[in-house]
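Containing compact mmCIF, C-alpha atoms: run_8.txt.
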```
# COMPACT_ATOMS: atom_id res chain seq x y z
CA MET M 1 5.94 -17.48 -18.74
CA ARG M 2 5.25 -14.11 -20.32
CA GLY M 3 4.21 -10.75 -18.92
CA LEU M 4 0.86 -9.03 -19.17
CA PRO M 5 -0.16 -7.71 -22.62
CA ALA M 6 0.92 -4.14 -23.31
CA GLY M 7 -2.73 -3.12 -23.55
CA SER M 8 -3.14 -3.93 -19.84
CA TYR M 9 -1.15 -0.82 -19.01
CA VAL M 10 -2.70 1.67 -21.45
CA ASP M 11 -6.36 0.65 -21.93
CA ALA M 12 -8.74 3.06 -20.18
CA ALA M 13 -11.32 0.31 -19.70
CA ARG M 14 -8.90 -1.48 -17.36
CA THR M 15 -9.33 1.16 -14.65
CA THR M 16 -12.95 0.24 -13.90
CA LEU M 17 -12.34 -3.48 -14.32
CA GLU M 18 -9.38 -3.58 -11.96
CA SER M 19 -11.18 -1.44 -9.40
CA ALA M 20 -13.93 -4.07 -9.23
CA ARG M 21 -11.90 -7.26 -9.71
CA ILE M 22 -8.74 -6.42 -7.73
CA PHE M 23 -9.09 -3.49 -5.37
CA ALA M 24 -12.68 -3.86 -4.13
CA SER M 25 -11.95 -7.01 -2.11
CA SER M 26 -8.25 -6.53 -1.34
CA TRP M 27 -6.84 -5.51 2.05
CA GLN M 28 -5.61 -1.91 1.91
CA PHE M 29 -3.37 -0.23 4.48
CA VAL M 30 -4.97 2.85 6.08
CA CYS M 31 -2.88 3.96 9.05
CA HIS M 32 -1.31 2.91 12.34
CA VAL M 33 -3.39 2.40 15.48
CA SER M 34 -1.57 5.34 17.08
CA ASP M 35 -3.13 7.60 14.44
CA LEU M 36 -6.53 6.83 16.02
CA PRO M 37 -5.73 7.26 19.73
CA ALA M 38 -9.08 8.36 21.19
CA PRO M 39 -12.82 7.92 20.66
CA GLY M 40 -14.00 10.07 17.76
CA THR M 41 -10.69 10.06 15.89
CA ALA M 42 -11.06 8.92 12.31
CA ALA M 43 -9.05 8.34 9.16
CA ARG M 44 -10.19 8.73 5.56
CA PHE M 45 -8.72 6.41 2.92
CA ASP M 46 -9.23 6.62 -0.85
CA CYS M 47 -8.33 3.93 -3.36
CA ALA M 48 -9.41 3.08 -6.93
CA GLY M 49 -12.36 5.46 -6.95
CA ARG M 50 -13.66 4.38 -3.53
CA SER M 51 -13.45 6.14 -0.18
CA ALA M 52 -13.69 4.72 3.34
CA VAL M 53 -13.54 6.16 6.84
CA VAL M 54 -12.33 4.29 9.94
CA LEU M 55 -13.54 5.52 13.34
CA ARG M 56 -12.36 4.80 16.89
CA THR M 57 -15.48 4.12 18.98
CA ARG M 58 -16.12 4.84 22.66
CA ALA M 59 -15.48 1.16 23.41
CA GLY M 60 -12.08 1.39 21.72
CA ASP M 61 -13.05 -0.65 18.65
CA LEU M 62 -12.49 0.36 15.05
CA HIS M 63 -15.50 0.64 12.75
CA GLY M 64 -15.27 1.28 9.02
CA PHE M 65 -17.81 2.70 6.59
CA ARG M 66 -18.06 3.82 3.00
CA ASN M 67 -17.41 7.53 3.06
CA ALA M 68 -20.78 8.54 1.59
CA CYS M 69 -24.04 9.86 3.02
CA ARG M 70 -27.07 7.64 2.31
CA HIS M 71 -29.16 10.67 1.34
CA ARG M 72 -27.42 12.12 -1.69
CA GLY M 73 -24.01 10.47 -1.56
CA THR M 74 -22.02 13.41 -0.17
CA ARG M 75 -18.59 12.55 1.19
CA LEU M 76 -18.89 12.71 4.97
CA VAL M 77 -15.26 13.03 6.07
CA GLU M 78 -12.46 14.98 4.39
CA GLY M 79 -9.84 15.05 7.12
CA ASP M 80 -6.36 16.48 6.95
CA PRO M 81 -5.20 16.85 3.32
CA HIS M 82 -1.95 14.95 4.02
CA THR M 83 -2.91 12.30 6.57
CA GLY M 84 -6.67 11.96 6.08
CA LEU M 85 -7.07 12.15 9.87
CA ALA M 86 -10.14 13.81 11.36
CA PHE M 87 -12.14 14.11 14.57
CA CYS M 88 -15.86 13.34 14.74
CA VAL M 89 -17.57 15.17 17.61
CA ASP M 90 -19.33 12.65 19.89
CA GLY M 91 -18.26 9.95 17.44
CA ARG M 92 -20.86 11.06 14.92
CA PHE M 93 -20.79 11.78 11.20
CA ARG M 94 -22.83 14.81 10.12
CA CYS M 95 -23.33 15.32 6.40
CA PRO M 96 -22.22 18.85 5.40
CA TYR M 97 -24.86 19.01 2.64
CA HIS M 98 -28.23 18.29 4.28
CA GLY M 99 -27.27 17.54 7.88
CA TRP M 100 -28.12 13.84 8.10
CA THR M 101 -26.29 12.46 11.14
CA TYR M 102 -24.97 8.95 11.83
CA ASP M 103 -23.64 7.46 15.07
CA GLU M 104 -20.51 5.36 15.57
CA THR M 105 -22.37 2.21 14.48
CA GLY M 106 -23.33 3.84 11.18
CA ALA M 107 -27.01 4.13 12.14
CA LEU M 108 -28.98 7.14 10.91
CA VAL M 109 -29.93 8.99 14.12
CA SER M 110 -30.99 12.47 13.01
CA ILE M 111 -32.55 14.34 10.09
CA PRO M 112 -33.21 18.11 10.27
CA GLU M 113 -36.84 18.83 11.09
CA THR M 114 -37.25 21.00 8.00
CA GLN M 115 -36.79 17.91 5.81
CA ARG M 116 -39.86 15.67 5.60
CA PHE M 117 -39.93 12.23 3.98
CA ASP M 118 -43.12 10.17 3.80
CA GLY M 119 -42.58 6.64 5.08
CA LEU M 120 -38.78 6.91 5.39
CA ASP M 121 -37.35 3.95 7.32
CA ALA M 122 -34.24 5.24 9.09
CA GLY M 123 -33.19 1.67 9.84
CA THR M 124 -32.56 1.00 6.16
CA HIS M 125 -30.55 4.17 5.58
CA GLY M 126 -27.51 3.56 7.76
CA LEU M 127 -23.98 3.84 6.42
CA HIS M 128 -22.58 0.95 4.40
CA ALA M 129 -19.98 -0.90 6.46
CA VAL M 130 -16.55 -1.93 5.16
CA GLU M 131 -14.25 -4.65 6.49
CA VAL M 132 -11.69 -3.47 9.06
CA ALA M 133 -8.74 -5.47 10.39
CA GLN M 134 -5.69 -4.86 12.55
CA TRP M 135 -2.37 -6.67 12.26
CA ARG M 136 0.48 -5.98 14.69
CA GLY M 137 -0.65 -2.35 15.07
CA LEU M 138 -1.42 -1.67 11.41
CA VAL M 139 -4.98 -0.84 10.30
CA PHE M 140 -6.45 -2.16 7.04
CA VAL M 141 -9.80 -1.92 5.25
CA ALA M 142 -11.48 -3.81 2.42
CA PHE M 143 -14.44 -2.30 0.60
CA GLU M 144 -15.90 -5.76 -0.04
CA ARG M 145 -15.39 -9.01 1.86
CA PRO M 146 -11.93 -10.43 1.05
CA ALA M 147 -11.41 -14.09 0.26
CA LEU M 148 -9.23 -14.54 3.37
CA PRO M 149 -8.84 -12.77 6.73
CA LEU M 150 -5.81 -10.49 6.85
CA GLU M 151 -4.11 -12.55 9.53
CA ARG M 152 -4.26 -15.73 7.46
CA ILE M 153 -2.48 -13.93 4.64
CA LEU M 154 0.28 -12.26 6.67
CA GLU M 155 1.06 -14.77 9.42
CA PRO M 156 2.67 -17.38 7.11
CA VAL M 157 5.19 -14.82 5.85
CA ALA M 158 5.59 -12.45 8.81
CA GLY M 159 4.76 -14.50 11.87
CA SER M 160 8.12 -13.58 13.39
CA TRP M 161 7.44 -9.83 13.23
CA PRO M 162 6.83 -8.26 16.65
CA ASP M 163 3.77 -6.31 17.70
CA MET M 164 4.22 -2.77 16.39
CA SER M 165 1.43 -1.03 18.29
CA SER M 166 3.91 1.09 20.25
CA LEU M 167 5.31 2.75 17.12
CA ARG M 168 4.44 6.34 16.26
CA ARG M 169 4.29 8.24 12.97
CA VAL M 170 7.58 10.05 12.29
CA ILE M 171 6.73 11.74 8.96
CA GLU M 172 3.60 12.99 7.25
CA PRO M 173 2.47 10.49 4.58
CA ARG M 174 4.25 11.46 1.37
CA MET M 175 2.30 11.31 -1.90
CA THR M 176 4.33 11.14 -5.13
CA ALA M 177 2.48 11.26 -8.45
CA CYS M 178 3.75 9.03 -11.24
CA ALA M 179 2.63 9.01 -14.88
CA ALA M 180 2.71 5.22 -15.11
CA ASP M 181 0.21 2.41 -14.61
CA TRP M 182 -0.02 1.06 -11.05
CA LYS M 183 0.90 -2.45 -12.24
CA LEU M 184 4.16 -1.18 -13.70
CA ALA M 185 4.99 0.45 -10.37
CA CYS M 186 4.25 -2.72 -8.41
CA GLU M 187 6.27 -4.88 -10.79
CA HIS M 188 9.09 -2.36 -10.43
CA LEU M 189 9.12 -2.83 -6.63
CA LEU M 190 9.48 -6.59 -7.04
CA ASP M 191 12.12 -6.51 -9.79
CA THR M 192 15.60 -5.04 -9.37
CA ALA M 193 17.27 -6.32 -12.51
CA HIS M 194 17.21 -2.67 -13.58
CA LEU M 195 19.44 -1.47 -10.73
CA GLU M 196 22.74 -2.42 -12.30
CA ILE M 197 21.59 -1.16 -15.72
CA ALA M 198 19.57 2.00 -15.27
CA ARG M 199 21.49 3.39 -12.31
CA PRO M 200 24.90 1.69 -12.16
CA LEU M 201 26.72 4.46 -10.25
CA LEU M 202 24.92 6.38 -7.48
CA LYS M 203 22.37 3.77 -6.49
CA PRO M 204 20.38 4.87 -3.41
CA ARG M 205 20.61 1.65 -1.40
CA LEU M 206 20.90 0.99 2.33
CA PHE M 207 21.02 -2.81 2.41
CA GLU M 208 22.11 -5.62 0.15
CA PRO M 209 19.49 -6.62 -2.45
CA ALA M 210 16.75 -8.76 -0.93
CA ALA M 211 15.24 -11.82 -2.59
CA PHE M 212 11.55 -12.66 -2.32
CA ALA M 213 10.94 -16.39 -2.12
CA LEU M 214 8.11 -17.61 -4.33
CA ARG M 215 5.21 -19.16 -2.43
CA ASP M 216 1.46 -19.61 -2.53
CA GLY M 217 -0.75 -16.92 -1.09
CA ASP M 218 -1.18 -13.18 -1.42
CA ALA M 219 1.97 -12.13 0.46
CA LEU M 220 5.70 -12.57 -0.05
CA GLN M 221 8.56 -12.20 2.45
CA ALA M 222 12.23 -11.29 2.12
CA SER M 223 15.19 -10.08 4.18
CA ALA M 224 18.31 -8.09 3.33
CA GLN M 225 21.63 -8.12 5.12
CA PHE M 226 23.86 -5.25 6.19
CA PRO M 227 26.26 -4.37 3.32
CA ALA M 228 29.97 -5.05 3.54
CA SER M 229 30.96 -2.02 1.45
CA ALA M 230 30.29 1.65 2.17
CA GLY M 231 29.64 2.87 -1.38
CA GLY M 232 26.61 4.75 -2.68
CA THR M 233 25.29 8.21 -1.91
CA TRP M 234 26.24 10.42 1.02
CA SER M 235 23.00 9.55 2.81
CA SER M 236 23.50 5.80 2.45
CA ARG M 237 27.10 6.04 3.69
CA ILE M 238 25.99 8.03 6.77
CA TYR M 239 23.23 5.50 7.47
CA ARG M 240 25.65 2.59 7.27
CA GLN M 241 28.27 4.33 9.39
CA LEU M 242 25.78 4.99 12.18
CA LEU M 243 24.78 1.33 12.19
CA ARG M 244 28.38 0.14 12.14
CA ASP M 245 28.95 2.07 15.34
CA GLY M 246 26.36 -0.21 16.94
CA SER M 247 26.06 -3.95 16.30
CA PRO M 248 26.15 -4.51 12.51
CA ALA M 249 26.16 -8.29 12.84
CA SER M 250 22.50 -8.23 13.84
CA VAL M 251 21.40 -5.48 11.42
CA GLN M 252 19.09 -6.37 8.56
CA ALA M 253 15.95 -5.22 6.83
CA GLU M 254 12.83 -7.36 6.49
CA TYR M 255 10.17 -7.01 3.80
CA VAL M 256 6.60 -8.13 3.27
CA TYR M 257 4.78 -7.54 0.00
CA LEU M 258 0.98 -7.74 0.38
CA TRP M 259 -1.04 -8.23 -2.78
CA PRO M 260 -1.80 -6.16 -4.72
CA ASN M 261 0.03 -2.92 -3.89
CA LEU M 262 1.76 -2.70 -0.48
CA LEU M 263 5.43 -3.09 0.44
CA LEU M 264 6.33 -3.08 4.16
CA GLN M 265 9.94 -2.70 5.29
CA ARG M 266 11.25 -3.16 8.84
CA ALA M 267 14.64 -1.51 9.33
CA PRO M 268 16.67 -0.51 12.43
CA ASP M 269 15.14 2.99 12.38
CA GLY M 270 11.50 1.92 12.00
CA LEU M 271 8.77 0.69 9.68
CA SER M 272 8.10 2.00 6.17
CA ALA M 273 4.85 1.39 4.29
CA LEU M 274 4.97 2.02 0.54
CA GLN M 275 1.60 1.79 -1.21
CA VAL M 276 0.87 2.16 -4.93
CA LEU M 277 -2.54 3.77 -5.41
CA PRO M 278 -4.10 3.42 -8.89
CA GLY M 279 -5.21 6.54 -10.71
CA PRO M 280 -6.61 7.30 -14.17
CA THR M 281 -5.23 5.25 -17.02
CA GLY M 282 -1.45 5.50 -17.10
CA HIS M 283 -1.18 7.18 -13.70
CA CYS M 284 -0.64 6.12 -10.10
CA THR M 285 0.53 7.59 -6.80
CA PHE M 286 3.16 6.35 -4.37
CA ARG M 287 1.92 6.76 -0.79
CA GLU M 288 4.70 6.44 1.79
CA SER M 289 4.29 6.35 5.57
CA ARG M 290 6.93 5.79 8.25
CA TYR M 291 6.56 4.74 11.88
CA ALA M 292 9.13 4.18 14.61
CA ALA M 293 9.57 3.59 18.33
CA PRO M 294 9.81 6.82 20.37
CA ASP M 295 13.50 7.83 20.37
CA SER M 296 14.62 11.47 20.24
CA SER M 297 18.36 10.82 20.41
CA ARG M 298 20.62 12.65 17.97
CA GLU M 299 21.81 9.39 16.44
CA MET M 300 18.31 8.13 15.76
CA LYS M 301 17.20 11.45 14.29
CA LEU M 302 20.17 11.39 11.91
CA LEU M 303 19.51 7.75 11.06
CA ARG M 304 15.88 8.52 10.15
CA TYR M 305 16.88 11.59 8.19
CA ALA M 306 19.41 9.64 6.13
CA HIS M 307 16.90 6.86 5.47
CA GLY M 308 14.24 9.35 4.41
CA ARG M 309 16.66 11.13 2.10
CA VAL M 310 17.62 7.86 0.40
CA GLN M 311 13.93 7.00 -0.05
CA ARG M 312 13.22 10.36 -1.67
CA GLN M 313 16.15 9.95 -4.05
CA ALA M 314 15.10 6.42 -4.94
CA ARG M 315 11.49 7.42 -5.51
CA ALA M 316 12.46 10.28 -7.82
CA ALA M 317 14.56 7.85 -9.89
CA ASP M 318 11.70 5.31 -9.88
CA VAL M 319 9.23 7.90 -11.19
CA ARG M 320 11.51 8.99 -14.03
CA LEU M 321 12.15 5.42 -15.13
CA LEU M 322 8.53 4.28 -14.85
CA GLN M 323 7.24 7.23 -16.85
CA ARG M 324 9.70 6.33 -19.61
CA VAL M 325 8.44 2.72 -19.61
CA GLN M 326 4.81 3.87 -19.77
CA GLN M 327 5.55 6.12 -22.72
CA GLY M 328 7.22 3.25 -24.56
CA LEU M 329 4.31 0.87 -24.03
CA ALA M 330 2.05 3.09 -26.13
CA ASN M 331 4.18 2.11 -29.15
CA LEU M 332 3.54 -1.62 -28.80
CA GLU M 333 0.64 -3.71 -30.06
CA PRO M 334 -2.02 -4.13 -27.31
CA VAL M 335 -1.65 -7.94 -27.30
CA GLU M 336 2.14 -7.93 -27.29
CA THR M 337 3.80 -9.62 -24.29
CA TRP M 338 7.39 -10.19 -23.18
CA PRO M 339 9.26 -13.07 -21.54
CA LEU M 340 9.78 -13.14 -17.78
CA ALA M 341 13.09 -14.52 -16.54
CA GLU M 342 12.89 -17.74 -14.55
CA ASN M 343 14.55 -16.11 -11.56
CA ASP M 344 12.22 -13.08 -11.74
CA SER M 345 9.95 -14.78 -9.19
CA GLY M 346 8.45 -11.66 -7.63
CA VAL M 347 7.25 -10.28 -10.97
CA ARG M 348 6.01 -13.71 -12.08
CA TRP M 349 4.01 -14.01 -8.86
CA PHE M 350 2.47 -10.56 -9.39
CA VAL M 351 1.67 -11.11 -13.07
CA ALA M 352 0.04 -14.49 -12.38
CA ARG M 353 -2.31 -12.92 -9.84
CA CYS M 354 -3.26 -10.07 -12.17
CA ALA M 355 -4.02 -12.52 -14.97
CA GLU M 356 -6.05 -14.72 -12.63
CA ARG M 357 -8.27 -11.90 -11.39
CA CYS M 358 -8.72 -9.87 -14.60
CA PRO M 359 -9.32 -10.99 -18.20
CA GLN M 360 -6.55 -9.80 -20.46
CA PRO M 361 -6.83 -7.63 -23.63
CA GLY M 362 -7.51 -9.61 -26.78
CA GLY M 363 -9.65 -12.20 -24.97
CA GLY M 364 -6.65 -14.26 -23.89
CA ALA M 365 -6.37 -15.87 -20.51
CA GLY M 366 -3.06 -14.17 -19.86
CA PRO M 367 0.13 -15.83 -18.64
CA PRO M 368 -0.03 -19.15 -16.81
CA ALA M 369 -0.49 -19.06 -13.05
CA ALA M 370 2.40 -19.55 -10.70
CA PRO M 371 2.99 -23.14 -9.55
CA ASN M 372 0.55 -24.22 -6.86
CA ARG M 373 3.26 -25.01 -4.38
CA THR M 374 5.89 -23.28 -2.30
CA SER M 375 9.18 -22.93 -4.11
CA LYS M 376 12.59 -22.57 -2.51
CA LYS M 377 13.87 -20.69 -5.51
CA ALA M 378 14.75 -17.10 -4.68
CA ALA M 379 13.33 -14.25 -6.68
CA ARG M 380 15.15 -11.40 -8.28
CA PRO M 381 16.27 -9.12 -5.44
CA VAL M 382 14.30 -6.03 -4.49
CA ARG M 383 15.97 -2.71 -3.77
CA ALA M 384 16.15 -1.71 -0.11
```

This structure in structure tokens:
Amino acid sequence: MRGLPAGSYVDAARTTLESARIFASSWQFVCHVSDLPAPGTAARFDCAGRSAVVLRTRAGDLHGFRNACRHRGTRLVEGDPHTGLAFCVDGRFRCPYHGWTYDETGALVSIPETQRFDGLDAGTHGLHAVEVAQWRGLVFVAFERPALPLERILEPVAGSWPDMSSLRRVIEPRMTACAADWKLACEHLLDTAHLEIARPLLKPRLFEPAAFALRDGDALQASAQFPASAGGTWSSRIYRQLLRDGSPASVQAEYVYLWPNLLLQRAPDGLSALQVLPGPTGHCTFRESRYAAPDSSREMKLLRYAHGRVQRQARAADVRLLQRVQQGLANLEPVETWPLAENDSGVRWFVARCAERCPQPGGGAGPPAAPNRTSKKAARPVRA
């Protein structure tokens, strides 16, 4: 099996194609249910040129809409620049351009009297709905109807995960720009063969490398054990020491990778959500969010600080390496591919899905699909 053609990562035409073929109908993580605690609270989410808004209704439900007025297409909700969170008075959306107003169901309920439209049917000018789903306290949207419900995708790989509705956000979502294609970044998260090569000394790592098991479906699962040694950076040593003072025998990290661009990690100090958002050709953004159970003890604060510091160090190293890969790809022929190791199961799984959903440069069908069965073979480990 071979990787995607080099042109897949540098061709500007791929941006529009992948937005329609991959991201339009995929489940995308928006926020945690605690971010929308009361009626009228809302969250804006942008991905692949599309924007959605999720609103908590008076009945406590979550409704999602395309973030665009039906009059002239103005974006209805901006929200906080870091979190995207907003509050809609009386649960209504009022367009800032011409004042068209929509209720919590998306229905058009008001147009300023100074604006007159002959024969306008308000019933046909409501907001366009998007799919909304919750899973264990996490909120997702899909701009178009996905092939499978979110629960059917995640339950086979994370059915043992507890309900996480009681968690709370512990950091502002962190956005890190990267001058590399989103597919390179996602492959990077699933492949850690580079760890012993690119960064053999001060590797920011909290747990032993985890191995994703190859299986059918649009989600993979892995776990990572507590390390026996105390090497690494200062932050990783502090993190390990704090856990050793507790019950290290039961300490581990658990991972779920949700196609196409989300990595979830459950660790002793909370839940991390790492999302790769596509940008213009050759660019993407890492969006990181962290949630945890309420605990203001000194030990837990230090544990979270150390974990966050390791993540920042790791992300900075990721960005530098990925940008170097992206720059090198421009020197290859657009149809050139490369071999994928047999034990590189996570990358093979990702590449097969990309090839299945998007035609490849040069008119080829791309690499062969992954076997249509569950394999017990472990993938290359992923960095914790």

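Candidate residues M:Ala13, M:Leu258, M:Ala292, M:Leu36 were compared for distance to Leu189 in chain M, and the nearest is M:Leu258, using all atoms listed in the file.
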
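As for CA of Cys31 in chain M and CA of Val139 in chain M, they are spaced 5.4 Å apart.
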
Discussion item. When you look at Thr105 in chain M with a cut-off of 10 Å (counting only C-alpha atoms), what residues show up, excluding the ones that are within fewer than 6 positions of it in the same chain? I need them as a VMD selection string.
Written reply: chain M and resid 55 57 63 to 65 91 to 92 126 to 127 129

Response to the item:
Atom pair CA of Ser25 in chain M + CA of Glu151 in chain M, distance 15.1 Å

Counting only C-alpha atoms, which residues of range 129-169 of chain M sit at most 7 Å from some atom of range 32-35 of chain M, and what is each one's closest atom pair with its distance in Å to one decimal, listed by chain and rising residue number, as a Markdown table?
```
| residue | atom | partner | partner_atom | distance |
| --- | --- | --- | --- | --- |
| M:Gly137 | CA | M:Val33 | CA | 5.5 |
| M:Leu138 | CA | M:His32 | CA | 4.7 |
| M:Val139 | CA | M:His32 | CA | 5.6 |
| M:Ser165 | CA | M:Val33 | CA | 6.5 |
| M:Arg168 | CA | M:Ser34 | CA | 6.1 |
```

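Across the model, the gap from CA of Ala222 in chain M to CA of Lys183 in chain M is 20.3 Å.
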
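Considering the residues M:Asn67, M:Ser223, M:Ser345, M:Ser19 and counting only C-alpha atoms, Met1 in chain M has its shortest atom-to-atom contact with M:Ser345.
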
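Close contacts of Asp181 in chain M, defined as residues with an atom at most 7 Å away when counting all atoms listed in the file, with chain neighbours fewer than 6 positions off set aside, comprise Tyr9, Thr281, Gly282, His283 and Cys284 of chain M.
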
Worksheet, complete the sentence: Closest of M:Glu336, M:Asp344, M:Glu288, M:Asp61 to Met175 in chain M, counting only C-alpha atoms, is M:Glu288

Output as lines of an AutoDock Vina configuration file the centre and edge lengths (Å, one decimal) of the box along x, y and z of the file that holds every listed atom of range 283-298 of chain M after adding 8 Å on each side.
```
center_x = 9.7
center_y = 8.1
center_z = 3.4
size_x = 37.8
size_y = 25.1
size_z = 50.1
```

Would you output range 339-353 of chain M from that structure, restricted to N, CA and C atoms, as a compact mmCIF listing (two decimals), in the first residue's frame?
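Written file, decode_26.txt:
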```txt
# COMPACT_ATOMS: atom_id res chain seq x y z
N PRO M 339 5.81 4.37 -0.12
CA PRO M 339 5.30 3.16 0.54
C PRO M 339 4.92 3.42 1.99
N LEU M 340 3.89 2.72 2.45
CA LEU M 340 3.47 2.78 3.84
C LEU M 340 3.83 1.46 4.51
N ALA M 341 4.51 1.53 5.63
CA ALA M 341 4.94 0.33 6.34
C ALA M 341 3.73 -0.51 6.75
N GLU M 342 3.91 -1.82 6.78
CA GLU M 342 2.82 -2.71 7.12
C GLU M 342 2.29 -2.46 8.52
N ASN M 343 3.17 -2.07 9.43
CA ASN M 343 2.73 -1.83 10.81
C ASN M 343 2.33 -0.38 11.04
N ASP M 344 2.23 0.41 9.97
CA ASP M 344 1.80 1.80 10.07
C ASP M 344 0.28 1.86 9.89
N SER M 345 -0.43 1.10 10.74
CA SER M 345 -1.86 0.87 10.51
C SER M 345 -2.70 2.13 10.58
N GLY M 346 -2.37 3.04 11.51
CA GLY M 346 -3.16 4.25 11.65
C GLY M 346 -3.11 5.10 10.40
N VAL M 347 -1.92 5.28 9.83
CA VAL M 347 -1.77 6.07 8.61
C VAL M 347 -2.44 5.36 7.44
N ARG M 348 -2.28 4.05 7.35
CA ARG M 348 -2.92 3.29 6.26
C ARG M 348 -4.44 3.44 6.31
N TRP M 349 -4.99 3.38 7.51
CA TRP M 349 -6.44 3.56 7.71
C TRP M 349 -6.87 4.94 7.23
N PHE M 350 -6.11 5.97 7.59
CA PHE M 350 -6.45 7.34 7.21
C PHE M 350 -6.34 7.54 5.71
N VAL M 351 -5.25 7.06 5.11
CA VAL M 351 -5.03 7.23 3.68
C VAL M 351 -6.12 6.51 2.88
N ALA M 352 -6.50 5.32 3.31
CA ALA M 352 -7.54 4.56 2.59
C ALA M 352 -8.85 5.32 2.57
N ARG M 353 -9.19 5.98 3.67
CA ARG M 353 -10.44 6.73 3.71
C ARG M 353 -10.37 7.99 2.84
```
